[in-house]
Amino acid sequence: MSILLTGGTGYIGSHTAVELLNAGFDVILFDNLSNSEEEVVDKIEKITGKRPLFVKGDVCNQKDLANVFADAKNQGNPIEAVIHFAGYKAVGESVEKPLMYYDNNLVGAIRLLEEMKKANCNCLIFSSSATVYGEENIAPFTEDMKIGGCTNPYGQTKFMIEQILKDAAFADKELSIVALRYFNPIGAHSSGLLSEQPKGIPNNLMPYIVQVAKGKLPQLNVFGNDYPTKDGTGERDYIHVVDLATGHLAALKYALNHKGIEAINLGTGKATSVLEVVSAYEKATGIKIKYEIKPRRPGDIAVSYADAGKAKSLLGWTAQYNVEDACRDSNKAK
Ligand code: NAD
Ligand code: UFG
């Protein structure tokens with residue numbers, strides 16, 4: 001049985017490919033390489049001893065999608081399920097270029113669903129985000145909370161795609177869809193071969209700390225120490241990317257045996273402050289991280305963490321790694 005991973009050469013897609021190959025699935029990576037490199041395929045092969053098929057293509061392009069489904073079928077290994085990672089994800093960029101974000105993320109999801117149906121493929125796992133909980137809900141976030149009210153176009157695309165998927169599943173009872181709401185993915189594969197490779201100066205905490213640790217940036221700017229949290233800095237639910245990957249494997253097994261739609265949090269259920277992440281990095285690596293307190297970053301909320309109960313009860317999945325493990329693995333990556 002083959003599984004299509006759109007955005008499969010990206011950060012989360014590549015780690016998920018490793019877990020799927022290790023579990024015995026045939027994997028097709030479909031990516032336009034707008035934010036990743038084809039050499040990721042060699043690295044996945046190095047780690048697993050199996051080479052996934054790579055197809056360069058765009059999820060907004062109907063022909064590219066139709067071809068990938070048709071080719072798999074003609075080779076006697078039709079695509080049974082899709083994990084849809086492909087999309088743009090930079091919050092700040094989405095504020096500057098909203099149309100580009102709505103176009104790529106929304107059109108990609110709609111084209112994909114259309115082509116899946118034509119190919120009689122009914123099973124979809126979608127990369128959603130904790131950002132859909134917006135500013136009004138109070139953590140821990142549970143899946144039954146009202147979602148929306150996101151502060152940026154990127155977050156809005158995740159909210160809107162979840163709504164599109166809900167409507168599609170209501171209209172078509174053959175569909176089986178799981179929207180996975182990721183909390184804060186960090187870390188890297190322990191081999192040091194796969195990791196997040198942000199272009200330019202990183203926006204997110206962990207890649208920024210890595211660059212300070214490697215001497216590429218002089219210091220970390222901590223955005224605010226006057227939040228109502230344990231030490232005044234923002235608290236997040238940091239989840240190791242390998243845990244996230246095994247969460248996809250569990251969701252895939254669930255979706256292949258069910259119909260309808262579920263939204264499921266993938267988080268650890270624990271909140272960690274910025275200063276606690278800095279300490280964990282120092283402890284895991286022995287490298288001192290210089291930092292300075294700066295004003296709050298606009299759009300940030302004080303606390304975000306998951307209620308991870310639904311993933312445990314429905315998928316039998318819980319996170320295995322902690323923040324220190326993720327710091328150690330991030331520091332290993334080239
Ligand atoms: P990533 O940028 O590393 O991977 C996304 C991949 O999609 C890239 O390889 C890119 O080349 C590809 N892509 C983009 N547009 C495409 C298109 N039109 N056609 C084909 N390929 C295309 O990002 P990631 O961190 O691996 O994120 C994967 C998914 O998870 C994204 O949808 C993202 O929004 C979501 N997500 C990420 C985070 C996070 O913090 N990393 C948090 C919540 C949700
Ligand atoms: N932070 C700093 N300094 C930095 C970067 C971040 O102090 O240089 C702080 C932030 O203020 C926040 C915490 O570190 O308190 C985490 O910030 P990130 O930018 O790493 O992550 P966010 O929680 O802001 O956003 C992430 C993803 C979004 C996603 C959101 C919810 O980047 O795509 O989680 O899932 F929408």
# chains A, B, ... in the order shown; residues from 1 in each chain; ligands from 1

$ residues_around --residues "Pro295 in chain A" --least-positions-apart "3" --cutoff "8 Å" --atoms "only C-alpha atoms" --output "list in words"
Val222, Phe223 and Gly224 of chain A

$ residues_near_ligand --ligand "ligand 1" --cutoff "7 Å" --atoms "only C-alpha atoms and all ligand atoms" --output "number ranges by chain"
A: 6-13, 30-36, 57-60, 85-89, 104, 108, 127-130, 181-185, 196

$ residues_near_ligand --ligand "ligand 2" --cutoff "9 Å" --atoms "only C-alpha atoms and all ligand atoms" --output "PyMOL selection string"
chain A and resi 89-91+128-133+154-155+158+181-186+202-209+220-225+233-238+273-275+277+293-294+296-304

$ select_by_dssp --residues "range 111-313 of chain A" --states "alpha helix (DSSP H)" --output "number ranges by chain"
A: 111-118, 153-171, 205-213, 241-255, 274-285, 309-310

$ closest_residue --among "A:Tyr101, A:Phe126, A:Trp317, A:Tyr291" --to "Leu165 in chain A" --atoms "only C-alpha atoms"
A:Phe126

$ select_by_dssp --residues "range 54-298 of chain A" --states "strand (DSSP E)" --output "PyMOL selection string"
chain A and resi 54-56+79-84+123-129+176-182+184-186+220-223+235-236+238-240+260-266+272-273+291-294

$ write_last_selection --atoms "N, CA and C atoms" --output "tab-separated table (two decimals), in the first residue's frame"
chain	number	residue	atom	x	y	z
A	54	PHE	N	10.46	9.83	-5.10
A	54	PHE	CA	10.29	11.28	-5.06
A	54	PHE	C	9.67	11.77	-6.37
A	55	VAL	N	8.63	12.58	-6.27
A	55	VAL	CA	8.01	13.19	-7.45
A	55	VAL	C	8.00	14.69	-7.25
A	56	LYS	N	8.63	15.42	-8.19
A	56	LYS	CA	8.58	16.88	-8.08
A	56	LYS	C	7.26	17.36	-8.66
A	79	ILE	N	-2.34	4.68	-4.42
A	79	ILE	CA	-2.21	5.48	-3.20
A	79	ILE	C	-3.47	5.29	-2.35
A	80	GLU	N	-3.26	4.81	-1.13
A	80	GLU	CA	-4.39	4.52	-0.23
A	80	GLU	C	-4.73	5.71	0.66
A	81	ALA	N	-3.72	6.51	0.93
A	81	ALA	CA	-3.93	7.64	1.85
A	81	ALA	C	-2.93	8.74	1.54
A	82	VAL	N	-3.30	9.96	1.92
A	82	VAL	CA	-2.42	11.12	1.72
A	82	VAL	C	-2.18	11.80	3.05
A	83	ILE	N	-0.93	12.16	3.30
A	83	ILE	CA	-0.63	13.05	4.44
A	83	ILE	C	-0.24	14.39	3.82
A	84	HIS	N	-1.03	15.40	4.11
A	84	HIS	CA	-0.88	16.68	3.40
A	84	HIS	C	-0.11	17.70	4.24
A	123	CYS	N	-8.70	8.70	2.14
A	123	CYS	CA	-8.11	8.84	3.48
A	123	CYS	C	-7.09	9.98	3.49
A	124	LEU	N	-7.30	10.95	4.38
A	124	LEU	CA	-6.43	12.14	4.40
A	124	LEU	C	-6.05	12.52	5.83
A	125	ILE	N	-4.75	12.76	6.03
A	125	ILE	CA	-4.27	13.34	7.29
A	125	ILE	C	-3.79	14.74	6.95
A	126	PHE	N	-4.27	15.73	7.69
A	126	PHE	CA	-3.92	17.12	7.38
A	126	PHE	C	-3.11	17.76	8.50
A	127	SER	N	-2.08	18.52	8.10
A	127	SER	CA	-1.24	19.27	9.04
A	127	SER	C	-1.93	20.54	9.47
A	128	SER	N	-2.66	20.50	10.58
A	128	SER	CA	-3.21	21.74	11.10
A	128	SER	C	-2.28	22.24	12.21
A	129	SER	N	-2.76	23.20	12.98
A	129	SER	CA	-1.86	23.86	13.93
A	129	SER	C	-2.64	24.32	15.16
A	176	SER	N	-12.37	9.70	5.06
A	176	SER	CA	-11.82	9.54	6.40
A	176	SER	C	-10.70	10.56	6.56
A	177	ILE	N	-10.92	11.53	7.45
A	177	ILE	CA	-9.98	12.65	7.56
A	177	ILE	C	-9.58	12.87	9.01
A	178	VAL	N	-8.28	13.07	9.24
A	178	VAL	CA	-7.81	13.48	10.56
A	178	VAL	C	-7.04	14.79	10.41
A	179	ALA	N	-7.48	15.84	11.10
A	179	ALA	CA	-6.73	17.10	11.13
A	179	ALA	C	-5.89	17.08	12.40
A	180	LEU	N	-4.58	17.05	12.23
A	180	LEU	CA	-3.70	17.01	13.40
A	180	LEU	C	-3.28	18.43	13.76
A	181	ARG	N	-3.62	18.85	14.97
A	181	ARG	CA	-3.26	20.20	15.41
A	181	ARG	C	-1.94	20.12	16.15
A	182	TYR	N	-0.85	20.49	15.43
A	182	TYR	CA	0.48	20.42	16.04
A	182	TYR	C	0.66	21.57	17.02
A	184	ASN	N	4.15	22.97	19.28
A	184	ASN	CA	5.37	23.58	18.75
A	184	ASN	C	6.42	22.51	18.41
A	185	PRO	N	6.52	22.13	17.14
A	185	PRO	CA	7.49	21.10	16.76
A	185	PRO	C	8.92	21.62	16.89
A	186	ILE	N	9.76	20.85	17.57
A	186	ILE	CA	11.19	21.20	17.69
A	186	ILE	C	12.02	19.92	17.56
A	220	LEU	N	20.20	35.50	21.98
A	220	LEU	CA	18.75	35.29	21.83
A	220	LEU	C	18.03	36.52	22.39
A	221	ASN	N	17.03	36.99	21.67
A	221	ASN	CA	16.16	38.04	22.21
A	221	ASN	C	14.93	37.35	22.79
A	222	VAL	N	14.71	37.50	24.08
A	222	VAL	CA	13.55	36.87	24.72
A	222	VAL	C	12.41	37.88	24.69
A	223	PHE	N	11.33	37.51	23.99
A	223	PHE	CA	10.25	38.47	23.76
A	223	PHE	C	9.28	38.55	24.94
A	235	GLU	N	4.93	30.62	27.50
A	235	GLU	CA	4.98	29.16	27.68
A	235	GLU	C	4.34	28.46	26.48
A	236	ARG	N	5.01	27.40	25.99
A	236	ARG	CA	4.53	26.64	24.84
A	236	ARG	C	4.67	25.14	25.11
A	238	TYR	N	6.23	22.24	23.59
A	238	TYR	CA	7.24	21.86	22.59
A	238	TYR	C	7.22	20.35	22.40
A	239	ILE	N	7.06	19.92	21.15
A	239	ILE	CA	6.98	18.49	20.87
A	239	ILE	C	8.10	18.09	19.91
A	240	HIS	N	8.82	17.03	20.29
A	240	HIS	CA	9.93	16.54	19.46
A	240	HIS	C	9.37	16.09	18.12
A	260	GLY	N	-15.31	9.48	8.37
A	260	GLY	CA	-15.67	10.72	9.07
A	260	GLY	C	-14.44	11.57	9.34
A	261	ILE	N	-14.61	12.59	10.16
A	261	ILE	CA	-13.49	13.53	10.41
A	261	ILE	C	-13.25	13.72	11.90
A	262	GLU	N	-11.98	13.79	12.28
A	262	GLU	CA	-11.59	14.06	13.67
A	262	GLU	C	-10.49	15.12	13.65
A	263	ALA	N	-10.55	16.04	14.62
A	263	ALA	CA	-9.42	16.94	14.86
A	263	ALA	C	-8.73	16.43	16.12
A	264	ILE	N	-7.41	16.31	16.07
A	264	ILE	CA	-6.67	15.74	17.21
A	264	ILE	C	-5.42	16.57	17.49
A	265	ASN	N	-5.24	16.96	18.76
A	265	ASN	CA	-4.03	17.67	19.16
A	265	ASN	C	-2.83	16.73	19.17
A	266	LEU	N	-1.70	17.21	18.65
A	266	LEU	CA	-0.44	16.50	18.88
A	266	LEU	C	0.46	17.42	19.71
A	272	THR	N	6.27	24.79	28.66
A	272	THR	CA	7.66	25.10	29.00
A	272	THR	C	7.92	26.56	28.63
A	273	SER	N	8.56	27.30	29.54
A	273	SER	CA	8.80	28.73	29.27
A	273	SER	C	10.05	28.90	28.40
A	291	TYR	N	21.43	35.66	26.34
A	291	TYR	CA	20.13	36.21	25.96
A	291	TYR	C	19.88	37.57	26.60
A	292	GLU	N	18.92	38.29	26.03
A	292	GLU	CA	18.54	39.60	26.56
A	292	GLU	C	17.01	39.69	26.50
A	293	ILE	N	16.43	40.27	27.55
A	293	ILE	CA	14.97	40.43	27.57
A	293	ILE	C	14.60	41.63	26.69
A	294	LYS	N	13.64	41.42	25.80
A	294	LYS	CA	13.16	42.47	24.88
A	294	LYS	C	11.65	42.63	25.07

$ closest_residue --among "A:Val210, A:Val27, A:Val241, A:Ala188" --to "Lys288 in chain A" --atoms "only C-alpha atoms"
A:Val210

$ atom_distance --atom1 "CA of Tyr321 in chain A" --atom2 "CA of Ala271 in chain A"
14.0 Å

$ atom_distance --atom1 "CA of Leu29 in chain A" --atom2 "CA of Leu5 in chain A"
5.0 Å

$ residues_around --residues "Thr151 in chain A" --least-positions-apart "5" --cutoff "8 Å" --atoms "only C-alpha atoms" --output "list in words"
Gly134, Glu135, Gln156 and Gly299 of chain A

$ atom_distance --atom1 "CA of Gly148 in chain A" --atom2 "CA of Asp307 in chain A"
17.8 Å

$ residues_around --residues "range 324-332 of chain A" --least-positions-apart "3" --cutoff "6 Å" --atoms "only C-alpha atoms" --output "MDAnalysis selection string"
chainID A and resid 187:188 190 192 240 280:281 284

$ write_last_selection --atoms "C-alpha atoms" --output "mmCIF file, in the first residue's frame"
data_model
loop_
_atom_site.group_PDB
_atom_site.id
_atom_site.type_symbol
_atom_site.label_atom_id
_atom_site.label_comp_id
_atom_site.auth_asym_id
_atom_site.auth_seq_id
_atom_site.Cartn_x
_atom_site.Cartn_y
_atom_site.Cartn_z
ATOM 1 C CA GLY A 187 14.205 18.874 17.528
ATOM 2 C CA ALA A 188 15.649 16.784 14.747
ATOM 3 C CA SER A 190 19.034 11.739 16.249
ATOM 4 C CA GLY A 192 21.895 14.480 12.685
ATOM 5 C CA HIS A 240 9.930 16.544 19.461
ATOM 6 C CA ALA A 280 17.392 22.761 28.837
ATOM 7 C CA TYR A 281 19.596 23.608 25.839
ATOM 8 C CA ALA A 284 21.799 19.114 27.054
#

$ closest_residue --among "A:Asp231, A:Glu19, A:Glu45, A:Glu115" --to "Asn67 in chain A" --atoms "only C-alpha atoms"
A:Glu115

$ closest_residue --among "A:Ala72, A:Val95, A:Met145, A:Ala66" --to "Met116 in chain A" --atoms "only C-alpha atoms"
A:Ala66

$ decode --residues "range 187-201 of chain A" --atoms "N, CA and C atoms" --output "compact mmCIF listing (two decimals), in the first residue's frame"
# COMPACT_ATOMS: atom_id res chain seq x y z
N GLY A 187 13.34 20.05 17.55
CA GLY A 187 14.20 18.87 17.53
C GLY A 187 14.50 18.43 16.11
N ALA A 188 15.17 17.28 16.03
CA ALA A 188 15.65 16.78 14.75
C ALA A 188 15.88 15.29 14.89
N HIS A 189 16.17 14.64 13.76
CA HIS A 189 16.45 13.20 13.83
C HIS A 189 17.78 12.99 14.56
N SER A 190 17.84 11.94 15.41
CA SER A 190 19.03 11.74 16.25
C SER A 190 20.28 11.41 15.42
N SER A 191 20.11 11.03 14.16
CA SER A 191 21.25 10.77 13.27
C SER A 191 21.98 12.06 12.90
N GLY A 192 21.33 13.20 13.11
CA GLY A 192 21.90 14.48 12.69
C GLY A 192 21.68 14.75 11.19
N LEU A 193 21.01 13.82 10.50
CA LEU A 193 20.86 13.97 9.04
C LEU A 193 19.66 14.84 8.64
N LEU A 194 18.58 14.74 9.40
CA LEU A 194 17.37 15.51 9.05
C LEU A 194 17.14 16.59 10.10
N SER A 195 16.75 17.77 9.66
CA SER A 195 16.45 18.84 10.63
C SER A 195 15.68 19.94 9.93
N GLU A 196 15.31 20.95 10.70
CA GLU A 196 14.66 22.12 10.13
C GLU A 196 15.75 23.03 9.59
N GLN A 197 15.57 23.53 8.37
CA GLN A 197 16.59 24.39 7.76
C GLN A 197 15.98 25.73 7.37
N PRO A 198 15.73 26.61 8.36
CA PRO A 198 15.09 27.88 7.99
C PRO A 198 16.01 28.75 7.13
N LYS A 199 15.38 29.43 6.16
CA LYS A 199 16.18 30.34 5.31
C LYS A 199 16.28 31.69 6.02
N GLY A 200 17.45 32.28 6.05
CA GLY A 200 17.62 33.60 6.68
C GLY A 200 17.59 33.49 8.21
N ILE A 201 17.27 34.61 8.86
CA ILE A 201 17.25 34.62 10.33
C ILE A 201 15.98 33.92 10.80
